[in-house]
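Q: First the structure, then my questions, so here it is.
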Amino acid sequence: MKSLTARQQQLLQFLRDYSAREGFPPTIAEIGRALALRSPHGVREQLQALARKGAIELIPNAARGIRILQQEVADADALPIVGRVAAGQPILAQPHVVGHCRIEPALFRGRPDYLLEVRGMSMRDAGILDGDLLAVRRTPEARSGQIVVARLHDEVTVKTLRLEGGAVWLEPANPEFAPLRVDPERSEFCIEGVMVGLIRHRVDQP
């Protein structure tokens, strides 16, 4: 099987998980809802890309016409892809891991521990867009100016960390969003990791 993009890995993992759980593959509509793909055409393009790379077979004129051709087991070199994180739960809890992706570590400034799917456009002007995959190194500490994954009151967010005297700020890179001032002594706040790289995620290009 040819190498897959991060998005294709995510889709293939969903197909595997769904088929293992339900005993049959998902429909186009179910794939679209699960992976936030807005149009059936976009889902079909992603499935056709997997078929061209030998990961699946598409069966014509069947509502669930998907057959997985090769089962790959994620190994120690495969990074987990983390989707939406539920409040109060660890980032790498199993329900949050939507797939795995093998990526050359040399692509990044440091070795990442996981890929986090970005939600929203608060970091737009830093080149981090909705749906991108943020390569994250797990650490409880960060320097001022670093882009971090932070947990604030059970919400996980991606922001630039600013330390000014005793004040802690989480700054967006979009004027439509306000900076967040954090009092670590009074707020439930912690650093989950720092950004070491980014993978641009374009749904419309399989």
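Ordering of the structure tokens sets the chain letters (A, B, ...); residue numbers start at 1 within each chain; ligands are numbered from 1 in the order shown.
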How would you write, as number ranges by chain, the set of residues in stretch 54-157 of chain A that DSSP gives as strand (DSSP E)?

A: A: 56-58, 66-68, 78-82, 97-102, 114-117, 133-138, 147-152, 155-157

Q: What lies within 6 Å of stretch 86-98 of chain A using only C-alpha atoms, ignoring chain neighbours under 5 positions off, as a list of chain:residue names?

A: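 Everything that qualifies: A:Ile81, A:Asp154, A:Glu155.
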
Q: Output the selection as a PDB file, in the first residue's frame - C-alpha atoms for each residue.

A:
ATOM      1  CA  ILE A  81      -4.061  11.870  15.871  1.00  0.00           C
ATOM      2  CA  ASP A 154     -11.233  21.718  31.460  1.00  0.00           C
ATOM      3  CA  GLU A 155     -11.018  23.277  27.988  1.00  0.00           C
TER       4      GLU A 155
END

Q: Do a neighbour search on A:Gly99 at 8 Å with only C-alpha atoms, toss out local chain neighbours closer than 5 positions, and write the hits as a list of chain:residue names.

A: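 Close residues of A:Gly99: A:Gln9, A:Gln10, A:Leu11, A:Leu12, A:Gln13, A:Phe14, A:Pro80, A:Ile81, A:Val82.
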
Q: Using only C-alpha atoms, determine which residues lie at most 8 Å from A:Pro112, disregarding the query and same-chain residues fewer than 6 positions distant; provide the list as a PyMOL selection string.

A: chain A and resi 79+105+135-138+196

Q: Please indicate the distance in Å from atom CA of A:Ala106 to atom CA of A:Gly197, rounded to one decimal place.

A: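 That distance, rounded to one decimal, is 10.4 Å.
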
Q: Neighbours of stretch 61-70 of chain A within 10 Å (only C-alpha atoms; same-chain residues fewer than 4 positions away dropped), as an NGL selection string?

A: :A and (1 or 12 or 15-16 or 19 or 24-29 or 47 or 50-51 or 54-57)

Q: Please produce a file of those selected residues containing N, CA and C atoms, as an mmCIF file, in the first residue's frame.

A:
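The result, written out as result_28.cif:
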data_model
loop_
_atom_site.group_PDB
_atom_site.id
_atom_site.type_symbol
_atom_site.label_atom_id
_atom_site.label_comp_id
_atom_site.auth_asym_id
_atom_site.auth_seq_id
_atom_site.Cartn_x
_atom_site.Cartn_y
_atom_site.Cartn_z
ATOM 1 N N MET A 1 0.842 -1.194 0.000
ATOM 2 C CA MET A 1 0.000 0.000 0.000
ATOM 3 C C MET A 1 0.873 1.239 0.000
ATOM 4 N N LEU A 12 -8.980 6.149 7.152
ATOM 5 C CA LEU A 12 -8.810 4.701 7.183
ATOM 6 C C LEU A 12 -9.007 4.156 8.590
ATOM 7 N N LEU A 15 -12.675 3.989 9.305
ATOM 8 C CA LEU A 15 -13.291 2.850 8.631
ATOM 9 C C LEU A 15 -13.022 1.552 9.386
ATOM 10 N N ARG A 16 -11.800 1.389 9.853
ATOM 11 C CA ARG A 16 -11.456 0.183 10.612
ATOM 12 C C ARG A 16 -12.241 0.102 11.912
ATOM 13 N N SER A 19 -16.028 -0.473 11.297
ATOM 14 C CA SER A 19 -16.301 -1.828 10.820
ATOM 15 C C SER A 19 -16.122 -2.866 11.918
ATOM 16 N N PHE A 24 -19.950 -3.923 9.825
ATOM 17 C CA PHE A 24 -20.092 -3.512 8.426
ATOM 18 C C PHE A 24 -19.556 -2.088 8.299
ATOM 19 N N PRO A 25 -19.219 -1.648 7.081
ATOM 20 C CA PRO A 25 -18.617 -0.323 6.906
ATOM 21 C C PRO A 25 -19.657 0.789 7.007
ATOM 22 N N PRO A 26 -19.209 2.027 7.231
ATOM 23 C CA PRO A 26 -20.134 3.161 7.330
ATOM 24 C C PRO A 26 -20.619 3.627 5.969
ATOM 25 N N THR A 27 -21.695 4.410 5.968
ATOM 26 C CA THR A 27 -22.185 5.043 4.753
ATOM 27 C C THR A 27 -21.414 6.346 4.504
ATOM 28 N N ILE A 28 -21.633 6.920 3.322
ATOM 29 C CA ILE A 28 -21.025 8.211 2.986
ATOM 30 C C ILE A 28 -21.432 9.274 4.015
ATOM 31 N N ALA A 29 -22.718 9.295 4.363
ATOM 32 C CA ALA A 29 -23.221 10.295 5.311
ATOM 33 C C ALA A 29 -22.590 10.116 6.685
ATOM 34 N N LEU A 47 -12.333 8.726 -0.251
ATOM 35 C CA LEU A 47 -12.418 7.273 -0.409
ATOM 36 C C LEU A 47 -11.722 6.827 -1.697
ATOM 37 N N LEU A 50 -8.037 6.677 -1.153
ATOM 38 C CA LEU A 50 -7.647 5.453 -0.440
ATOM 39 C C LEU A 50 -7.666 4.251 -1.368
ATOM 40 N N ALA A 51 -8.656 4.209 -2.261
ATOM 41 C CA ALA A 51 -8.737 3.086 -3.205
ATOM 42 C C ALA A 51 -7.560 3.092 -4.166
ATOM 43 N N GLY A 54 -4.537 1.610 -2.667
ATOM 44 C CA GLY A 54 -4.585 0.199 -2.312
ATOM 45 C C GLY A 54 -5.006 -0.106 -0.894
ATOM 46 N N ALA A 55 -5.593 0.885 -0.188
ATOM 47 C CA ALA A 55 -6.010 0.660 1.196
ATOM 48 C C ALA A 55 -7.393 0.050 1.284
ATOM 49 N N ILE A 56 -8.274 0.408 0.337
ATOM 50 C CA ILE A 56 -9.640 -0.094 0.345
ATOM 51 C C ILE A 56 -10.064 -0.438 -1.081
ATOM 52 N N GLU A 57 -11.161 -1.164 -1.189
ATOM 53 C CA GLU A 57 -11.816 -1.408 -2.465
ATOM 54 C C GLU A 57 -13.211 -0.812 -2.386
#

Q: Skipping near chain neighbours, those fewer than 5 positions away, what residues fall within 9 Å of A:Ser122 using only C-alpha atoms, listed as a list in words?

A: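 The residues that qualify are Ile128, Leu129, Asp130, Val158, Lys159, Pro172, Ala173, Asn174, Pro175, Glu176 and Phe177 of chain A.
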
Q: With a distance cut-off of 12 Å and only C-alpha atoms, select the neighbouring residues of A:Leu37, excluding the residue or stretch itself and same-chain residues fewer than 3 positions from it, and output the selection as an MDAnalysis selection string.

A: chainID A and resid 7 11 28:34 40:47 131 202:204

Q: With only C-alpha atoms as the basis for distance, which of A:Arg102, A:Arg200, A:Arg124, A:Arg119 is at the shortest distance from A:Thr157?

A: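 The answer is A:Arg119, which sits nearest to A:Thr157.
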
Q: To one decimal place in Å, what is the distance between atom CA of A:Leu35 and atom CA of A:Val85?

A: 14.5 Å

Q: Find the distance between atom CA of A:Gly127 and atom CA of A:Ile199 and write it in Å to one decimal.

A: 10.6 Å
